[in-house]
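Chemist: Dropping in entry-v4.cif, with mmCIF, C-alpha atoms.
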```cif
data_coords
#
loop_
_atom_site.label_atom_id
_atom_site.label_comp_id
_atom_site.auth_asym_id
_atom_site.auth_seq_id
_atom_site.Cartn_x
_atom_site.Cartn_y
_atom_site.Cartn_z
CA MET A 133 -10.22 -0.94 29.32
CA ASN A 134 -12.17 1.40 27.03
CA GLY A 135 -11.60 4.78 25.42
CA GLY A 136 -7.81 4.91 25.72
CA ASP A 137 -4.71 4.43 23.56
CA THR A 138 -4.63 0.72 24.41
CA LEU A 139 -7.46 -1.77 24.78
CA ASP A 140 -7.86 -5.31 26.02
CA PHE A 141 -8.84 -7.52 23.09
CA GLU A 142 -11.55 -10.12 23.50
CA VAL A 143 -10.72 -13.18 21.39
CA ARG A 144 -13.67 -15.09 19.99
CA PRO A 145 -12.23 -18.06 18.07
CA ASN A 146 -13.80 -18.98 14.76
CA PRO A 147 -16.04 -21.99 15.50
CA ALA A 148 -15.44 -23.42 12.02
CA PRO A 149 -11.84 -22.61 11.00
CA VAL A 150 -10.33 -23.84 7.74
CA SER A 151 -8.76 -27.27 8.23
CA ALA A 152 -4.98 -27.63 8.22
CA ALA A 153 -5.09 -29.65 4.99
CA GLU A 154 -7.31 -27.12 3.21
CA ARG A 155 -5.17 -24.24 4.44
CA ALA A 156 -2.00 -25.91 3.13
CA ALA A 157 -3.63 -26.34 -0.28
CA MET A 158 -4.62 -22.66 -0.34
CA LEU A 159 -1.14 -21.51 0.68
CA ALA A 160 0.46 -23.52 -2.12
CA ASN A 161 -0.77 -20.98 -4.67
CA PRO A 162 -2.50 -18.08 -2.91
CA GLY A 163 -2.41 -15.50 -5.70
CA PHE A 164 -3.01 -11.98 -4.41
CA GLY A 165 -5.97 -10.85 -2.33
CA ARG A 166 -8.21 -13.81 -3.13
CA ILE A 167 -8.11 -15.91 0.03
CA PHE A 168 -8.45 -14.80 3.64
CA THR A 169 -7.62 -16.01 7.12
CA ASP A 170 -10.12 -17.28 9.70
CA HIS A 171 -10.32 -14.12 11.80
CA MET A 172 -10.53 -10.33 11.71
CA VAL A 173 -10.12 -7.44 14.15
CA THR A 174 -12.99 -5.09 14.95
CA VAL A 175 -12.81 -2.01 17.19
CA ARG A 176 -15.59 0.55 17.55
CA TYR A 177 -15.56 4.31 18.13
CA ALA A 178 -18.26 6.65 19.38
CA GLU A 179 -17.95 10.39 19.90
CA GLY A 180 -17.62 11.12 23.61
CA LYS A 181 -16.69 7.50 24.36
CA GLY A 182 -13.58 6.91 22.27
CA TRP A 183 -12.41 3.53 21.00
CA TYR A 184 -13.98 0.50 22.65
CA ASP A 185 -15.11 -3.12 22.17
CA ALA A 186 -11.85 -4.46 20.70
CA ARG A 187 -12.21 -7.99 19.37
CA VAL A 188 -10.54 -10.69 17.34
CA GLU A 189 -13.42 -12.68 15.93
CA ALA A 190 -14.40 -14.92 13.04
CA ARG A 191 -14.09 -13.22 9.68
CA ALA A 192 -17.67 -12.63 8.52
CA PRO A 193 -19.87 -10.17 6.61
CA ILE A 194 -20.46 -6.85 8.36
CA PRO A 195 -24.14 -5.99 8.98
CA MET A 196 -24.76 -2.52 7.53
CA ASP A 197 -27.76 -0.23 7.48
CA PRO A 198 -28.55 1.26 4.04
CA ALA A 199 -28.06 4.73 5.53
CA THR A 200 -24.58 3.99 6.90
CA ALA A 201 -22.56 7.15 6.28
CA VAL A 202 -19.67 5.56 4.36
CA LEU A 203 -22.05 4.39 1.62
CA HIS A 204 -23.09 7.97 0.91
CA TYR A 205 -20.16 10.22 1.84
CA ALA A 206 -17.14 7.91 1.41
CA GLN A 207 -15.45 8.58 4.75
CA GLU A 208 -13.04 5.63 4.55
CA ILE A 209 -9.30 5.03 4.83
CA PHE A 210 -7.06 1.97 4.71
CA GLU A 211 -3.49 0.72 4.98
CA GLY A 212 -1.52 -2.21 3.62
CA LEU A 213 1.47 -4.02 5.11
CA LYS A 214 2.90 -7.53 5.23
CA ALA A 215 3.85 -10.09 7.86
CA TYR A 216 6.76 -12.41 7.04
CA ARG A 217 7.79 -15.85 8.25
CA ALA A 218 11.29 -15.61 9.74
CA ALA A 219 13.90 -18.35 9.30
CA ASP A 220 13.33 -19.53 12.90
CA GLY A 221 9.58 -19.76 12.35
CA GLY A 222 8.79 -16.45 14.05
CA ILE A 223 6.79 -13.67 12.42
CA THR A 224 7.89 -10.12 11.64
CA LEU A 225 6.39 -6.89 10.30
CA PHE A 226 8.11 -4.23 8.22
CA ARG A 227 7.78 -0.68 9.59
CA PRO A 228 4.26 -1.03 11.07
CA ASP A 229 4.84 2.17 13.05
CA ALA A 230 5.03 4.06 9.74
CA ASN A 231 1.71 2.57 8.68
CA ALA A 232 0.20 3.58 12.01
CA ALA A 233 1.41 7.16 11.52
CA ARG A 234 0.12 7.38 7.95
CA PHE A 235 -3.23 5.94 9.03
CA ARG A 236 -3.60 8.83 11.49
CA GLU A 237 -2.61 11.36 8.81
CA SER A 238 -5.19 9.92 6.43
CA ALA A 239 -7.82 10.09 9.19
CA ALA A 240 -7.03 13.75 9.81
CA ARG A 241 -7.45 14.61 6.11
CA MET A 242 -10.77 12.73 5.96
CA ALA A 243 -12.08 14.32 9.19
CA MET A 244 -12.16 10.95 10.94
CA ALA A 245 -11.36 9.90 14.52
CA PRO A 246 -7.68 8.83 14.60
CA VAL A 247 -6.73 5.35 15.78
CA PRO A 248 -4.01 5.63 18.48
CA PRO A 249 -0.72 4.18 17.17
CA GLN A 250 -0.40 1.64 19.99
CA LEU A 251 -3.93 0.40 19.42
CA PHE A 252 -3.12 0.02 15.70
CA LEU A 253 0.02 -2.00 16.48
CA ASP A 254 -1.68 -4.09 19.17
CA ALA A 255 -4.51 -4.96 16.78
CA LEU A 256 -2.03 -6.21 14.18
CA ALA A 257 -0.20 -8.32 16.75
CA GLU A 258 -3.44 -9.82 18.10
CA LEU A 259 -4.64 -10.89 14.66
CA ILE A 260 -1.26 -12.36 13.72
CA ARG A 261 -1.09 -14.26 17.01
CA VAL A 262 -4.46 -15.90 16.35
CA ASP A 263 -3.91 -16.54 12.62
CA ARG A 264 -0.17 -17.23 12.67
CA ASP A 265 -0.58 -20.52 10.77
CA TRP A 266 -1.73 -18.51 7.74
CA VAL A 267 1.65 -16.78 7.29
CA PRO A 268 3.24 -18.54 4.27
CA SER A 269 6.60 -20.24 4.60
CA ASP A 270 7.30 -19.91 0.87
CA PRO A 271 10.16 -17.43 0.17
CA GLU A 272 7.90 -15.40 -2.15
CA GLY A 273 4.89 -15.48 0.18
CA SER A 274 3.69 -13.19 2.96
CA LEU A 275 0.55 -12.36 4.90
CA TYR A 276 -0.94 -9.15 3.53
CA LEU A 277 -2.67 -7.16 6.28
CA ARG A 278 -5.40 -4.67 5.48
CA PRO A 279 -6.32 -2.28 8.32
CA PHE A 280 -9.24 -0.03 7.38
CA GLN A 281 -11.70 2.35 9.00
CA TYR A 282 -15.04 3.68 7.86
CA ALA A 283 -17.88 5.96 8.98
CA SER A 284 -20.43 3.65 10.59
CA GLU A 285 -22.98 6.18 11.87
CA VAL A 286 -26.43 5.77 10.37
CA PHE A 287 -27.47 9.16 9.01
CA LEU A 288 -27.99 11.19 5.86
CA GLY A 289 -26.27 14.56 5.99
CA VAL A 290 -22.94 16.02 4.92
CA LYS A 291 -20.89 16.08 8.11
CA PRO A 292 -18.14 14.00 9.71
CA SER A 293 -19.47 10.80 11.23
CA SER A 294 -19.67 10.48 15.01
CA GLU A 295 -19.14 6.70 14.86
CA TYR A 296 -16.46 4.57 13.19
CA LEU A 297 -15.49 0.95 12.79
CA PHE A 298 -11.81 -0.01 12.59
CA LEU A 299 -11.06 -3.46 11.19
CA ILE A 300 -8.11 -5.56 10.07
CA ILE A 301 -8.42 -8.50 7.70
CA ALA A 302 -5.56 -10.66 6.43
CA SER A 303 -4.81 -12.42 3.15
CA PRO A 304 -1.94 -14.83 2.38
CA VAL A 305 -0.35 -13.69 -0.87
CA GLY A 306 2.29 -14.58 -3.43
CA SER A 307 3.79 -12.27 -6.05
CA TYR A 308 1.72 -9.16 -6.92
CA PHE A 309 2.35 -9.44 -10.66
CA LYS A 310 1.74 -12.75 -12.43
CA GLY A 311 4.98 -14.40 -13.48
CA GLY A 312 7.05 -12.86 -10.68
CA VAL A 313 9.47 -9.95 -10.96
CA LYS A 314 9.86 -8.75 -14.54
CA PRO A 315 9.69 -5.36 -16.26
CA VAL A 316 6.13 -4.05 -16.54
CA SER A 317 4.61 -1.83 -19.19
CA VAL A 318 2.87 1.40 -18.20
CA TRP A 319 0.25 3.57 -19.87
CA VAL A 320 0.48 7.35 -19.45
CA SER A 321 -3.01 8.74 -18.92
CA ARG A 322 -3.79 11.93 -20.84
CA ASP A 323 -7.50 12.07 -20.03
CA TYR A 324 -7.63 11.40 -16.29
CA THR A 325 -5.81 12.67 -13.21
CA ARG A 326 -5.47 10.98 -9.83
CA ALA A 327 -5.42 14.00 -7.49
CA ALA A 328 -5.30 17.79 -7.50
CA PRO A 329 -3.58 20.27 -5.14
CA GLY A 330 -5.63 20.59 -1.98
CA GLY A 331 -7.32 17.25 -2.61
CA THR A 332 -6.89 13.87 -0.99
CA GLY A 333 -3.89 12.60 -2.98
CA ALA A 334 -1.72 12.21 0.12
CA ALA A 335 -4.40 10.28 2.03
CA LYS A 336 -4.81 6.54 1.59
CA CYS A 337 -8.55 6.62 1.00
CA GLY A 338 -10.65 4.44 -1.23
CA GLY A 339 -11.91 7.35 -3.31
CA ASN A 340 -8.46 7.98 -4.76
CA TYR A 341 -8.31 4.42 -6.03
CA ALA A 342 -11.88 4.43 -7.32
CA ALA A 343 -11.05 7.53 -9.38
CA SER A 344 -8.04 5.74 -10.89
CA LEU A 345 -9.87 2.61 -12.04
CA VAL A 346 -11.11 3.97 -15.36
CA ALA A 347 -7.55 4.96 -16.26
CA GLN A 348 -6.24 1.56 -15.12
CA ALA A 349 -8.85 -0.11 -17.34
CA GLU A 350 -7.65 2.06 -20.22
CA ALA A 351 -4.09 0.91 -19.55
CA ILE A 352 -5.13 -2.74 -19.71
CA GLU A 353 -7.03 -2.10 -22.96
CA HIS A 354 -3.76 -0.86 -24.44
CA GLY A 355 -1.83 -3.91 -23.27
CA CYS A 356 -0.17 -2.28 -20.23
CA ASP A 357 0.15 -3.49 -16.66
CA GLN A 358 -0.24 -0.15 -14.89
CA VAL A 359 -1.27 3.46 -15.44
CA VAL A 360 0.91 6.54 -14.83
CA PHE A 361 -0.77 9.80 -13.88
CA LEU A 362 0.44 13.29 -14.73
CA ASP A 363 -0.17 16.36 -12.56
CA ALA A 364 -3.69 17.78 -12.56
CA VAL A 365 -2.70 21.42 -13.16
CA GLU A 366 -0.46 21.33 -16.23
CA GLN A 367 -0.89 17.69 -17.27
CA ARG A 368 2.86 17.69 -17.76
CA TYR A 369 4.70 16.36 -14.71
CA VAL A 370 4.83 12.72 -13.59
CA ASP A 371 2.95 12.11 -10.32
CA GLU A 372 2.67 8.39 -9.58
CA LEU A 373 1.21 5.12 -10.81
CA GLY A 374 -2.27 3.93 -9.96
CA GLY A 375 -1.05 2.27 -6.78
CA MET A 376 2.72 2.86 -6.61
CA ASN A 377 5.36 5.58 -6.47
CA ILE A 378 7.96 5.91 -9.23
CA PHE A 379 11.75 6.37 -9.41
CA PHE A 380 14.12 7.15 -12.30
CA VAL A 381 17.80 6.08 -12.52
CA PHE A 382 20.23 8.06 -14.70
CA ASP A 383 23.54 7.36 -16.43
CA ASP A 384 25.49 9.44 -13.89
CA GLY A 385 24.36 7.14 -11.07
CA THR A 386 21.82 9.56 -9.61
CA MET A 387 18.11 8.95 -9.09
CA LEU A 388 15.00 11.12 -9.15
CA THR A 389 11.49 10.75 -7.75
CA PRO A 390 8.59 13.24 -7.85
CA PRO A 391 8.32 15.37 -4.70
CA LEU A 392 5.57 15.03 -2.10
CA THR A 393 3.49 18.10 -2.85
CA GLY A 394 0.18 16.81 -1.49
CA THR A 395 -0.98 15.02 -4.63
CA ILE A 396 1.19 11.92 -4.16
CA LEU A 397 0.80 9.23 -1.52
CA PRO A 398 3.82 9.30 0.83
CA GLY A 399 4.72 5.67 0.29
CA ILE A 400 6.51 3.79 3.06
CA THR A 401 8.39 1.77 0.45
CA ARG A 402 9.25 5.06 -1.31
CA GLU A 403 10.75 6.49 1.88
CA SER A 404 12.60 3.23 2.52
CA VAL A 405 14.12 3.36 -0.98
CA LEU A 406 15.30 6.92 -0.35
CA ARG A 407 17.12 5.81 2.80
CA LEU A 408 18.59 2.68 1.21
CA ALA A 409 19.85 4.76 -1.72
CA ALA A 410 21.50 7.18 0.71
CA ASP A 411 23.14 4.22 2.48
CA GLN A 412 24.65 3.19 -0.87
CA GLY A 413 25.88 6.70 -1.67
CA ILE A 414 23.28 7.23 -4.41
CA ALA A 415 22.16 10.84 -4.73
CA VAL A 416 18.38 11.08 -5.10
CA ARG A 417 16.64 14.29 -6.17
CA GLU A 418 13.01 14.88 -5.27
CA GLU A 419 12.09 17.08 -8.22
CA LEU A 420 9.38 17.60 -10.79
CA TYR A 421 10.00 15.50 -13.90
CA SER A 422 8.01 16.12 -17.05
CA TYR A 423 6.73 13.41 -19.33
CA GLU A 424 8.49 15.10 -22.24
CA GLN A 425 11.80 14.94 -20.37
CA TRP A 426 11.14 11.30 -19.53
CA GLN A 427 10.74 10.52 -23.22
CA ALA A 428 13.82 12.53 -24.20
CA ASP A 429 16.02 11.00 -21.50
CA ALA A 430 14.95 7.47 -22.40
CA ARG A 431 15.66 8.02 -26.10
CA SER A 432 19.03 9.68 -25.49
CA GLY A 433 20.18 6.97 -23.10
CA ARG A 434 20.51 9.38 -20.19
CA LEU A 435 17.74 7.50 -18.38
CA ARG A 436 18.91 3.97 -17.75
CA GLU A 437 16.22 2.54 -15.47
CA ALA A 438 12.82 3.29 -13.97
CA PHE A 439 10.92 1.40 -11.32
CA ALA A 440 7.68 1.48 -9.37
CA CYS A 441 7.49 0.73 -5.66
CA GLY A 442 4.84 -0.02 -3.09
CA THR A 443 3.93 -2.48 -0.34
CA ALA A 444 2.22 -4.99 -2.63
CA ALA A 445 4.78 -5.12 -5.46
CA VAL A 446 7.84 -3.95 -3.42
CA ILE A 447 10.11 -2.75 -6.28
CA THR A 448 9.12 -3.50 -9.87
CA PRO A 449 11.15 -2.49 -12.95
CA ILE A 450 9.44 -0.55 -15.74
CA GLY A 451 10.39 -1.63 -19.26
CA VAL A 452 7.99 0.00 -21.73
CA VAL A 453 6.09 3.31 -21.57
CA ARG A 454 3.12 3.84 -23.86
CA ASP A 455 0.57 6.57 -24.56
CA ARG A 456 -1.83 7.36 -27.39
CA SER A 457 0.99 8.75 -29.56
CA GLY A 458 3.28 5.73 -29.33
CA GLU A 459 5.74 4.06 -26.98
CA PHE A 460 9.36 3.99 -25.90
CA THR A 461 11.61 1.54 -24.07
CA ILE A 462 13.71 2.30 -21.01
CA GLY A 463 17.26 1.04 -21.44
CA ASP A 464 17.14 -2.36 -23.10
CA GLY A 465 13.74 -3.09 -21.61
CA ALA A 466 15.18 -5.47 -19.03
CA ALA A 467 15.36 -5.10 -15.27
CA GLY A 468 18.16 -2.67 -14.42
CA LYS A 469 21.09 -3.31 -12.08
CA VAL A 470 20.32 -0.52 -9.59
CA THR A 471 16.64 -1.46 -9.49
CA MET A 472 17.31 -5.09 -8.75
CA GLU A 473 20.04 -4.36 -6.20
CA LEU A 474 17.68 -2.07 -4.27
CA ARG A 475 14.92 -4.65 -4.51
CA GLU A 476 17.19 -7.44 -3.29
CA ARG A 477 18.34 -5.41 -0.33
CA LEU A 478 14.85 -4.24 0.62
CA VAL A 479 13.35 -7.73 0.32
CA GLY A 480 16.28 -9.11 2.33
CA ILE A 481 15.60 -6.66 5.16
CA GLN A 482 11.87 -7.38 5.09
CA ARG A 483 12.43 -11.14 5.23
CA GLY A 484 15.29 -11.06 7.73
CA THR A 485 18.02 -12.31 5.37
CA ALA A 486 19.91 -8.99 5.18
CA PRO A 487 21.14 -6.57 7.86
CA ASP A 488 18.55 -4.11 9.17
CA PRO A 489 20.58 -0.99 10.05
CA HIS A 490 17.52 1.23 10.50
CA GLY A 491 15.58 -1.07 12.84
CA TRP A 492 12.68 -1.39 10.44
CA VAL A 493 11.77 -5.00 11.20
CA HIS A 494 9.45 -5.54 14.18
CA ARG A 495 9.26 -8.98 15.74
CA VAL A 496 5.66 -9.97 16.48
CA LEU A 497 6.03 -13.66 17.41
#
```
In structure tokens, what does this structure look like?
Modeler:
Amino acid sequence: MNGGDTLDFEVRPNPAPVSAAERAAMLANPGFGRIFTDHMVTVRYAEGKGWYDARVEARAPIPMDPATAVLHYAQEIFEGLKAYRAADGGITLFRPDANAARFRESAARMAMAPVPPQLFLDALAELIRVDRDWVPSDPEGSLYLRPFQYASEVFLGVKPSSEYLFLIIASPVGSYFKGGVKPVSVWVSRDYTRAAPGGTGAAKCGGNYAASLVAQAEAIEHGCDQVVFLDAVEQRYVDELGGMNIFFVFDDGTMLTPPLTGTILPGITRESVLRLAADQGIAVREELYSYEQWQADARSGRLREAFACGTAAVITPIGVVRDRSGEFTIGDGAAGKVTMELRERLVGIQRGTAPDPHGWVHRVL
């Protein structure tokens, strides 16, 4: 059926899939975001017609006219989530309904046609069903899923597109950071900001990430793994990292994370950490936290741990903070107890080795 909240998917198998032997070799050391499965999802939208022509087909280049709207006006959004191999060989997803909801919120901010949640979830399930052999069995591996949508109308003119293409591609992945889980170093950007009030900071759109790349490059030049952005108004308060939210753990057992004021992406991992912390009786404040206070608390010992969190890296401890005036270490620079306990519990839920009291894990196959 066409134009509704659900569609019938036409499956067009890849006529030249990767062989089982080649796939096994690729899955032995997949890295992150470098190899891809045999298929992709495509669904089209036209104003007055709705969503239609849902397919699972061979992953291939997308033909694109030079005047395609996304190339000129950047109407584009995306999501990221992972599929996991369960102990019995089945496949699960972690909170895909939350990704579906955020995808719609991003679409609204970017003046794009929203993908119905059930269509979003069905598309994920269809791709996983066809490419299930690409889901790694390795305990550190997963299948990273990238739903995205862009303005596909061919025109030049500043207006919302009347046509869109929704796609999902998939990539088997290992650990996000090379060397596995270990404290990362972060660079505090003083020259660039990620988002301003009233902007697109809460939307998961490519433009936000493009704007962060120069600061991320600066971080790497200074020997750091990631960049931390401060607020755009006062250049004083901590917002988030280039691609992750941030938490702070204090000596009294409480935690703090910057509030969602429209400039920070409402991370699904962030919200999961808030609920897991509440389960463990940890009080978490969502409050503004200045960079000056961060420095002072680290040096006094009041701040014991800090960590970044997101779909790709899950929970990653922060060891060293650096800016153009110098650097400081958080705690003893090692991964903290609270950080690693939260990570272990969250990873256990995602992979089906720990209880799932909130019903976050969705069985696909």
Chemist: In Å to one decimal, how far is CA of Val247 in chain A from CA of Tyr216 in chain A?
Modeler: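 The value is 24.0 Å.
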Chemist: Around range 138-156 of chain A, fit a box with edges along x, y and z, padding it by 3 Å on each side, then list its centre and edge lengths in Å to one decimal as AutoDock Vina command-line options.
Modeler:
```
--center_x -9.0 --center_y -14.5 --center_z 14.6 --size_x 20.0 --size_y 36.4 --size_z 28.9
```
Chemist: Give me the residues near range 286-299 of chain A as a PyMOL selection string, where near means some atom within 6 Å (using all atoms listed in the file) and where sequence neighbours in that chain fewer than 5 positions away do not count.
Modeler: chain A and resi 173-179+199-201+279-281
Chemist: Could you build a table of the residues in range 219-286 of chain A lying no more than 12 Å from range 329-349 of chain A, giving for each the nearest pair of atoms and their separation in Å rounded to one decimal place, using all atoms listed in the file, ordered by chain and ascending residue number, as a Markdown table?
Modeler:
```
| residue | atom | partner | partner_atom | distance |
| --- | --- | --- | --- | --- |
| A:Asn231 | CA | A:Lys336 | CA | 10.4 |
| A:Ala232 | CA | A:Lys336 | CA | 11.9 |
| A:Ala233 | CA | A:Ala335 | CA | 11.6 |
| A:Arg234 | CA | A:Ala335 | CA | 8.0 |
| A:Phe235 | CA | A:Lys336 | CA | 7.6 |
| A:Arg236 | CA | A:Ala335 | CA | 9.6 |
| A:Glu237 | CA | A:Ala335 | CA | 7.1 |
| A:Ser238 | CA | A:Ala335 | CA | 4.5 |
| A:Ala239 | CA | A:Ala335 | CA | 7.9 |
| A:Ala240 | CA | A:Ala335 | CA | 8.9 |
| A:Arg241 | CA | A:Ala335 | CA | 6.7 |
| A:Met242 | CA | A:Ala335 | CA | 7.9 |
| A:Ala243 | CA | A:Ala335 | CA | 11.3 |
| A:Met244 | CA | A:Cys337 | CA | 11.4 |
| A:Arg278 | CA | A:Lys336 | CA | 11.9 |
| A:Pro279 | CA | A:Lys336 | CA | 11.2 |
| A:Phe280 | CA | A:Cys337 | CA | 9.2 |
| A:Gln281 | CA | A:Cys337 | CA | 9.6 |
| A:Tyr282 | CA | A:Cys337 | CA | 9.9 |
```
Chemist: I need the residue nearest Leu259 in chain A from this list: A:Ala428, A:Leu275, A:Ala206, A:Ala440. Use only C-alpha atoms for the distance.
Modeler: A:Leu275
Chemist: List the residues selected by the PyMOL selection byres ((chain A and resi 403) around 12) in the file shown, writing them as an mmCIF file with C-alpha atoms, in the coordinates of the input.
Modeler:
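Result file is result-v5.cif:
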```cif
data_model
loop_
_atom_site.group_PDB
_atom_site.id
_atom_site.type_symbol
_atom_site.label_atom_id
_atom_site.label_comp_id
_atom_site.auth_asym_id
_atom_site.auth_seq_id
_atom_site.Cartn_x
_atom_site.Cartn_y
_atom_site.Cartn_z
ATOM 1 C CA ARG A 227 7.780 -0.680 9.590
ATOM 2 C CA ALA A 230 5.030 4.060 9.740
ATOM 3 C CA ASN A 231 1.710 2.570 8.680
ATOM 4 C CA ASN A 377 5.360 5.580 -6.470
ATOM 5 C CA ILE A 378 7.960 5.910 -9.230
ATOM 6 C CA PHE A 379 11.750 6.370 -9.410
ATOM 7 C CA THR A 389 11.490 10.750 -7.750
ATOM 8 C CA PRO A 391 8.320 15.370 -4.700
ATOM 9 C CA LEU A 392 5.570 15.030 -2.100
ATOM 10 C CA LEU A 397 0.800 9.230 -1.520
ATOM 11 C CA PRO A 398 3.820 9.300 0.830
ATOM 12 C CA GLY A 399 4.720 5.670 0.290
ATOM 13 C CA ILE A 400 6.510 3.790 3.060
ATOM 14 C CA THR A 401 8.390 1.770 0.450
ATOM 15 C CA ARG A 402 9.250 5.060 -1.310
ATOM 16 C CA SER A 404 12.600 3.230 2.520
ATOM 17 C CA VAL A 405 14.120 3.360 -0.980
ATOM 18 C CA LEU A 406 15.300 6.920 -0.350
ATOM 19 C CA ARG A 407 17.120 5.810 2.800
ATOM 20 C CA LEU A 408 18.590 2.680 1.210
ATOM 21 C CA ALA A 409 19.850 4.760 -1.720
ATOM 22 C CA ALA A 410 21.500 7.180 0.710
ATOM 23 C CA VAL A 416 18.380 11.080 -5.100
ATOM 24 C CA GLU A 418 13.010 14.880 -5.270
ATOM 25 C CA CYS A 441 7.490 0.730 -5.660
ATOM 26 C CA GLY A 442 4.840 -0.020 -3.090
ATOM 27 C CA THR A 443 3.930 -2.480 -0.340
ATOM 28 C CA LEU A 478 14.850 -4.240 0.620
ATOM 29 C CA TRP A 492 12.680 -1.390 10.440
#
```
Chemist: As an exercise, work out the distance from CA of Arg477 in chain A to CA of Gly273 in chain A in Å and give it to one decimal place.
Modeler: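 Those two atoms sit 16.8 Å apart.
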Chemist: Between CA of Phe168 in chain A and CA of Glu272 in chain A, what is the distance, to one decimal in Å?
Modeler: 17.4 Å
Chemist: Counting all atoms listed in the file, what is within 12 Å of range 153-161 of chain A, bar same-chain residues fewer than 4 positions away, as a ChimeraX atom specification?
Modeler: /A:149,165-170,263-275,303-307,310
Chemist: For Ile396 in chain A, which of A:Phe380, A:Tyr369, A:Phe252, A:Phe141 is the closest residue, counting all atoms listed in the file?
Modeler: A:Tyr369
Chemist: Which residue out of A:Gly385, A:Gly458, A:Pro390, A:Gly222 has the minimum interatomic distance to Leu373 in chain A when only C-alpha atoms are used?
Modeler: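 The answer is A:Pro390, which sits nearest to Leu373 in chain A.
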Chemist: Give me the residues near Val188 in chain A as a list of chain:residue names, where near means some atom within 9 Å (using all atoms listed in the file) and where sequence neighbours in that chain fewer than 2 positions away do not count.
Modeler: A:Phe141, A:Glu142, A:Val143, A:Arg144, A:Pro145, A:His171, A:Met172, A:Val173, A:Thr174, A:Val175, A:Ala186, A:Ala190, A:Arg191, A:Ala255, A:Glu258, A:Leu259, A:Val262
Chemist: Kindly indicate which residue among A:Glu419, A:Glu473, A:Glu285, A:Glu208 lies nearest to Asp371 in chain A, using all atoms listed in the file for the distances.
Modeler: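 Closest to Asp371 in chain A, using all atoms listed in the file: A:Glu419.
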Chemist: Here's the selection I'm unsure about, the PyMOL selection byres ((chain A and resi 366) around 12); applied to the file above, which residues does it give, as an NGL selection string?
Modeler: :A and (322 or 325 or 328-329 or 361-365 or 367-371 or 420 or 422-423)
Chemist: Hey, what comes out of the PyMOL selection byres ((chain A and resi 383) around 6) on this file? Could you write it as an mmCIF file with C-alpha atoms, in the coordinates of the input?
Modeler:
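The resulting out04.cif:
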```cif
data_model
loop_
_atom_site.group_PDB
_atom_site.id
_atom_site.type_symbol
_atom_site.label_atom_id
_atom_site.label_comp_id
_atom_site.auth_asym_id
_atom_site.auth_seq_id
_atom_site.Cartn_x
_atom_site.Cartn_y
_atom_site.Cartn_z
ATOM 1 C CA PHE A 382 20.230 8.060 -14.700
ATOM 2 C CA ASP A 384 25.490 9.440 -13.890
ATOM 3 C CA GLY A 385 24.360 7.140 -11.070
ATOM 4 C CA ARG A 434 20.510 9.380 -20.190
ATOM 5 C CA ARG A 436 18.910 3.970 -17.750
#
```
